[in-house]
>>> print(open('target-v3.cif').read())   # mmCIF, C-alpha atoms
data_final
loop_
_atom_site.label_atom_id
_atom_site.label_comp_id
_atom_site.auth_asym_id
_atom_site.auth_seq_id
_atom_site.Cartn_x
_atom_site.Cartn_y
_atom_site.Cartn_z
CA MET A 1 5.71 8.56 7.80
CA ASN A 2 8.60 7.06 5.84
CA ARG A 3 7.46 3.48 6.30
CA ASN A 4 8.80 0.78 3.99
CA ILE A 5 5.91 -0.87 2.17
CA ILE A 6 5.67 -3.75 -0.32
CA ILE A 7 2.58 -4.06 -2.49
CA THR A 8 1.98 -6.84 -4.99
CA GLY A 9 -0.09 -6.04 -8.05
CA GLY A 10 0.40 -2.31 -7.73
CA SER A 11 0.00 -1.02 -11.28
CA LYS A 12 -3.79 -0.77 -11.61
CA GLY A 13 -7.05 -0.68 -9.70
CA ILE A 14 -6.92 -1.18 -5.95
CA GLY A 15 -3.16 -1.74 -6.03
CA ALA A 16 -2.47 1.54 -7.79
CA ALA A 17 -4.78 3.39 -5.39
CA MET A 18 -2.82 1.99 -2.45
CA VAL A 19 0.53 2.90 -4.00
CA GLU A 20 -0.65 6.48 -4.49
CA MET A 21 -2.22 6.82 -1.04
CA PHE A 22 0.81 5.53 0.84
CA ALA A 23 3.19 7.55 -1.36
CA ASN A 24 1.22 10.67 -0.47
CA GLU A 25 1.88 9.83 3.18
CA GLY A 26 5.61 9.91 2.48
CA ASP A 27 6.11 6.14 2.59
CA ASN A 28 8.70 4.23 0.56
CA ILE A 29 7.07 1.70 -1.77
CA LEU A 30 8.13 -1.25 -3.87
CA PHE A 31 5.48 -2.92 -6.00
CA ASN A 32 5.30 -5.49 -8.74
CA TYR A 33 3.45 -5.63 -12.03
CA ASN A 34 3.20 -8.35 -14.62
CA LYS A 35 1.69 -7.24 -17.94
CA SER A 36 0.78 -3.60 -17.27
CA GLU A 37 4.15 -1.95 -17.86
CA LYS A 38 2.74 1.34 -19.14
CA ALA A 39 0.49 1.74 -16.12
CA ALA A 40 3.35 0.80 -13.80
CA LEU A 41 5.61 3.46 -15.32
CA GLU A 42 2.88 6.06 -14.92
CA ILE A 43 2.55 5.18 -11.23
CA THR A 44 6.31 5.29 -10.63
CA ASN A 45 6.61 8.66 -12.36
CA LYS A 46 3.74 9.98 -10.28
CA THR A 47 4.77 8.61 -6.88
CA GLY A 48 8.48 7.76 -6.91
CA ALA A 49 7.68 4.15 -6.00
CA GLU A 50 9.87 1.41 -7.45
CA ALA A 51 8.21 -1.08 -9.82
CA ILE A 52 9.49 -4.59 -10.50
CA LYS A 53 8.21 -6.78 -13.32
CA ALA A 54 7.35 -10.19 -11.84
CA ASP A 55 4.87 -12.89 -12.77
CA LEU A 56 3.84 -14.05 -9.32
CA SER A 57 2.30 -17.25 -10.64
CA LYS A 58 5.92 -18.45 -10.98
CA MET A 59 8.05 -19.39 -7.99
CA GLU A 60 11.21 -18.00 -9.60
CA ASP A 61 9.57 -14.58 -9.98
CA ILE A 62 8.25 -14.72 -6.42
CA ALA A 63 11.82 -15.39 -5.27
CA SER A 64 13.37 -12.59 -7.35
CA PHE A 65 10.75 -10.03 -6.30
CA THR A 66 11.14 -10.94 -2.64
CA LYS A 67 14.95 -10.84 -2.93
CA ARG A 68 14.76 -7.31 -4.35
CA ALA A 69 12.44 -6.21 -1.52
CA LEU A 70 14.82 -7.53 1.12
CA GLU A 71 17.74 -5.82 -0.62
CA LYS A 72 15.90 -2.51 -0.85
CA PHE A 73 14.58 -2.29 2.70
CA ASP A 74 16.48 -3.04 5.92
CA THR A 75 13.15 -3.14 7.71
CA ILE A 76 9.73 -3.79 6.20
CA ASP A 77 6.79 -2.15 7.93
CA VAL A 78 3.89 -3.25 5.74
CA LEU A 79 3.33 -6.06 3.22
CA ILE A 80 0.16 -5.95 1.14
CA ASN A 81 -0.63 -9.09 -0.84
CA ASN A 82 -2.89 -7.66 -3.53
CA ALA A 83 -1.89 -9.48 -6.73
CA GLY A 84 -4.81 -11.40 -8.15
CA ILE A 85 -6.55 -12.61 -11.28
CA ASP A 86 -10.14 -13.68 -11.86
CA GLN A 87 -11.93 -16.06 -14.19
CA PHE A 88 -15.63 -16.42 -15.05
CA LYS A 89 -16.30 -19.99 -16.11
CA LEU A 90 -18.64 -22.88 -15.29
CA PHE A 91 -17.09 -25.15 -12.68
CA THR A 92 -17.56 -28.14 -14.99
CA ASP A 93 -15.34 -26.40 -17.57
CA VAL A 94 -12.38 -25.47 -15.37
CA THR A 95 -9.05 -27.12 -16.10
CA GLU A 96 -5.93 -27.98 -14.16
CA GLU A 97 -4.23 -25.12 -15.98
CA ASP A 98 -6.92 -22.72 -14.69
CA TRP A 99 -6.40 -24.04 -11.18
CA ASN A 100 -2.64 -23.61 -11.30
CA GLU A 101 -2.80 -20.08 -12.70
CA ILE A 102 -5.38 -18.73 -10.27
CA ILE A 103 -4.26 -20.50 -7.10
CA ASN A 104 -0.58 -19.80 -7.78
CA THR A 105 -1.16 -16.11 -8.50
CA ASN A 106 -3.74 -15.33 -5.84
CA LEU A 107 -2.76 -17.62 -2.98
CA ARG A 108 0.65 -19.26 -3.39
CA SER A 109 2.34 -15.92 -4.06
CA ALA A 110 0.91 -14.47 -0.84
CA VAL A 111 1.99 -17.52 1.17
CA PHE A 112 5.60 -17.54 0.03
CA ILE A 113 6.13 -13.78 -0.07
CA SER A 114 4.70 -13.56 3.45
CA LYS A 115 6.97 -16.39 4.56
CA GLU A 116 10.14 -14.54 3.58
CA ILE A 117 9.04 -11.02 4.52
CA SER A 118 7.74 -12.12 7.91
CA LYS A 119 11.26 -13.30 8.81
CA ARG A 120 12.46 -9.69 8.52
CA MET A 121 9.45 -8.50 10.53
CA ILE A 122 10.04 -11.11 13.25
CA ASN A 123 13.62 -9.89 13.65
CA ALA A 124 12.34 -6.34 14.02
CA LYS A 125 9.51 -7.40 16.36
CA ARG A 126 6.99 -5.36 14.40
CA GLY A 127 5.12 -5.35 11.13
CA CYS A 128 1.78 -5.46 9.37
CA ILE A 129 0.56 -7.86 6.68
CA ILE A 130 -2.62 -7.08 4.75
CA ASN A 131 -4.14 -9.63 2.39
CA ILE A 132 -6.58 -8.35 -0.23
CA SER A 133 -9.13 -11.12 -0.49
CA SER A 134 -12.72 -10.71 -1.72
CA ILE A 135 -16.34 -10.79 -0.69
CA TRP A 136 -16.44 -14.05 -2.68
CA GLY A 137 -13.96 -15.57 -0.27
CA ILE A 138 -16.67 -15.09 2.36
CA ALA A 139 -19.83 -15.84 0.37
CA GLY A 140 -18.62 -17.78 -2.68
CA ALA A 141 -19.51 -16.86 -6.26
CA SER A 142 -21.20 -18.91 -8.94
CA CYS A 143 -18.97 -19.37 -12.00
CA GLU A 144 -16.00 -18.02 -10.01
CA VAL A 145 -15.27 -21.12 -7.98
CA LEU A 146 -11.48 -21.11 -8.29
CA TYR A 147 -11.31 -17.39 -7.55
CA SER A 148 -13.52 -17.88 -4.49
CA ILE A 149 -11.34 -20.77 -3.28
CA SER A 150 -8.19 -18.68 -3.64
CA LYS A 151 -9.66 -15.78 -1.68
CA ALA A 152 -11.06 -18.01 1.06
CA GLY A 153 -7.55 -19.43 1.32
CA LEU A 154 -6.17 -15.95 1.84
CA ASP A 155 -8.59 -15.45 4.72
CA GLY A 156 -7.44 -18.74 6.25
CA LEU A 157 -3.84 -17.58 5.89
CA THR A 158 -4.77 -14.34 7.62
CA LYS A 159 -6.34 -16.00 10.67
CA SER A 160 -3.63 -18.59 11.13
CA LEU A 161 -0.72 -16.22 10.60
CA ALA A 162 -2.24 -13.61 12.90
CA LYS A 163 -2.11 -16.13 15.74
CA GLU A 164 1.40 -17.30 14.92
CA LEU A 165 2.96 -13.86 14.52
CA ALA A 166 1.19 -11.99 17.32
CA LEU A 167 3.98 -12.62 19.83
CA SER A 168 6.33 -10.85 17.43
CA ASN A 169 4.03 -7.79 17.39
CA ILE A 170 3.03 -8.46 13.76
CA ARG A 171 -0.59 -7.86 12.79
CA VAL A 172 -2.23 -9.77 9.92
CA ASN A 173 -5.61 -8.84 8.45
CA SER A 174 -7.66 -9.32 5.30
CA ILE A 175 -9.64 -6.77 3.33
CA ALA A 176 -12.47 -8.47 1.43
CA PRO A 177 -13.82 -5.87 -1.01
CA GLY A 178 -17.31 -6.02 -2.44
CA ALA A 179 -18.10 -4.70 -5.92
CA ILE A 180 -15.34 -2.23 -6.75
CA ASP A 181 -15.17 -0.15 -9.92
CA THR A 182 -12.01 -1.64 -11.43
CA GLU A 183 -10.96 -3.12 -14.75
CA MET A 184 -11.45 -6.62 -13.30
CA ASN A 185 -15.15 -5.84 -12.87
CA LYS A 186 -15.63 -3.97 -16.14
CA ASP A 187 -17.90 -6.66 -17.61
CA ILE A 188 -20.34 -6.64 -14.70
CA ILE A 189 -23.69 -5.05 -15.54
CA LYS A 190 -23.72 -2.53 -12.71
CA GLU A 191 -27.47 -1.88 -12.84
CA GLU A 192 -28.10 -5.52 -11.95
CA VAL A 193 -25.84 -5.40 -8.90
CA VAL A 194 -26.30 -1.91 -7.47
CA GLY A 195 -29.90 -2.63 -6.49
CA ASP A 196 -28.61 -5.21 -3.99
CA ILE A 197 -26.10 -2.81 -2.42
CA PRO A 198 -27.70 -0.69 0.34
CA LEU A 199 -25.35 2.25 -0.28
CA GLY A 200 -26.43 2.15 -3.95
CA ARG A 201 -23.06 2.26 -5.69
CA PHE A 202 -19.93 0.34 -6.54
CA GLY A 203 -16.96 1.06 -4.35
CA LYS A 204 -13.93 2.96 -5.59
CA PRO A 205 -10.35 1.69 -5.39
CA GLU A 206 -9.68 4.58 -3.02
CA ASP A 207 -12.25 3.15 -0.58
CA ILE A 208 -10.14 0.03 -0.23
CA ALA A 209 -6.90 2.02 -0.05
CA LYS A 210 -8.33 3.99 2.90
CA CYS A 211 -9.10 0.72 4.67
CA ALA A 212 -5.56 -0.50 4.04
CA LYS A 213 -4.15 2.74 5.42
CA TRP A 214 -6.23 2.37 8.57
CA LEU A 215 -5.01 -1.20 9.09
CA ALA A 216 -1.42 -0.10 8.53
CA ASP A 217 -1.81 2.69 11.10
CA ASP A 218 -3.79 0.71 13.67
CA GLU A 219 -2.01 -1.13 16.49
CA TYR A 220 -4.67 -3.43 17.95
CA THR A 221 -6.50 -5.12 15.08
CA THR A 222 -5.35 -8.53 13.91
CA GLY A 223 -6.83 -11.71 12.47
CA GLN A 224 -9.82 -9.87 11.04
CA ILE A 225 -11.61 -10.13 7.68
CA ILE A 226 -12.86 -6.62 6.98
CA SER A 227 -15.29 -6.31 4.07
CA PRO A 228 -15.95 -2.82 2.67
CA ASN A 229 -18.94 -3.74 0.48
CA GLY A 230 -21.53 -0.98 0.82
CA GLY A 231 -23.74 -3.28 2.88
CA TRP A 232 -23.98 -5.89 0.10
CA ILE A 233 -23.45 -8.58 2.75
CA ILE A 234 -24.57 -7.70 6.27
#
>>> encode(input="target-v3.cif", output="structure tokens")
Amino acid sequence: MNRNIIITGGSKGIGAAMVEMFANEGDNILFNYNKSEKAALEITNKTGAEAIKADLSKMEDIASFTKRALEKFDTIDVLINNAGIDQFKLFTDVTEEDWNEIINTNLRSAVFISKEISKRMINAKRGCIINISSIWGIAGASCEVLYSISKAGLDGLTKSLAKELALSNIRVNSIAPGAIDTEMNKDIIKEEVVGDIPLGRFGKPEDIAKCAKWLADDEYTTGQIISPNGGWII
């Protein structure tokens, strides 16, 4: 399709699956990575996508990544805010440093990247923004309070921005995955969770990538929080 697509956190897991899926469609992709340089190089060699090292918890890196995206693409068809980190800790033990790292990476980066990229989309009178939130943004998770807050914030961003940008023909949606078989979830004891999932399995990164592709292709869905979770929450 030769769309121009920006994906944050594209070196592993769901992000890597999205890079590969859109690349296979013939789209042009720019993504960022932070610590996973080897994985990012493997993805670029496999897909031809461009990878930029950027720590999106830092405003200066948000600015430099966004600047490169605007230099690379005259028009931007799809922005996917996927970058995110998790933390498993009692709420009574969380620190201000924890708050800053998680909120800045998961939420602030999406806000300020969307702010700049949406300007280009508004000029073009078209575009699609997809925020990768989480089932915990909907339901909340014990011992993952800051993560849950950050993902609920993404869903709030989605609903508000969908209303504001609709007149410019820009669609904004969230994907809120359930239990997905990624490195972030490697410490979860699957046997204890699968019994609560009607479809009886963890999702695959490709399941979320397919949802993202549908939202990128669709022309009438906006402001929605779509949760591929195997029926975990119905």
>>> resolve_selection(input="target-v3.cif", expression="the PyMOL selection byres ((chain A and resi 29) around 9)", output="list in words")
Arg3, Asn4, Ile5, Ile6, Ile7, Val19, Phe22, Ala23, Asp27, Asn28, Leu30, Phe31, Thr47, Gly48, Ala49, Glu50 and Ala51 of chain A
>>> resolve_selection(input="target-v3.cif", expression="the PyMOL selection byres ((chain A and resi 110-120) around 7)", output="list in words")
Ile62, Thr66, Thr75, Ile76, Asn81, Asn106, Leu107, Arg108, Ser109, Met121, Ile122, Asn123 and Ala124 of chain A
>>> residues_around(input="target-v3.cif", residues="Cys143 (chain A)", least_positions_apart="4", cutoff="6 Å", atoms="all atoms listed in the file", output="VMD selection string")
chain A and resid 88 to 90
>>> residues_around(input="target-v3.cif", residues="Met18 (chain A)", least_positions_apart="5", cutoff="12 Å", atoms="all atoms listed in the file", output="ChimeraX atom specification")
/A:5-13,23-25,27,29-31,43,47,49,78-82,130,132,204-214,216
>>> closest_residue(input="target-v3.cif", among="A:Gly178, A:Pro228, A:Pro198, A:Gly26", to="Trp136 (chain A)", atoms="all atoms listed in the file")
A:Gly178
>>> atom_distance(input="target-v3.cif", atom1="CA of Val94 (chain A)", atom2="CA of Ser174 (chain A)")
26.7 Å
>>> closest_residue(input="target-v3.cif", among="A:Ser168, A:Asn104, A:Gln224, A:Thr95", to="Leu56 (chain A)", atoms="all atoms listed in the file")
A:Asn104
>>> atom_distance(input="target-v3.cif", atom1="CA of Asp77 (chain A)", atom2="CA of Arg126 (chain A)")
7.2 Å
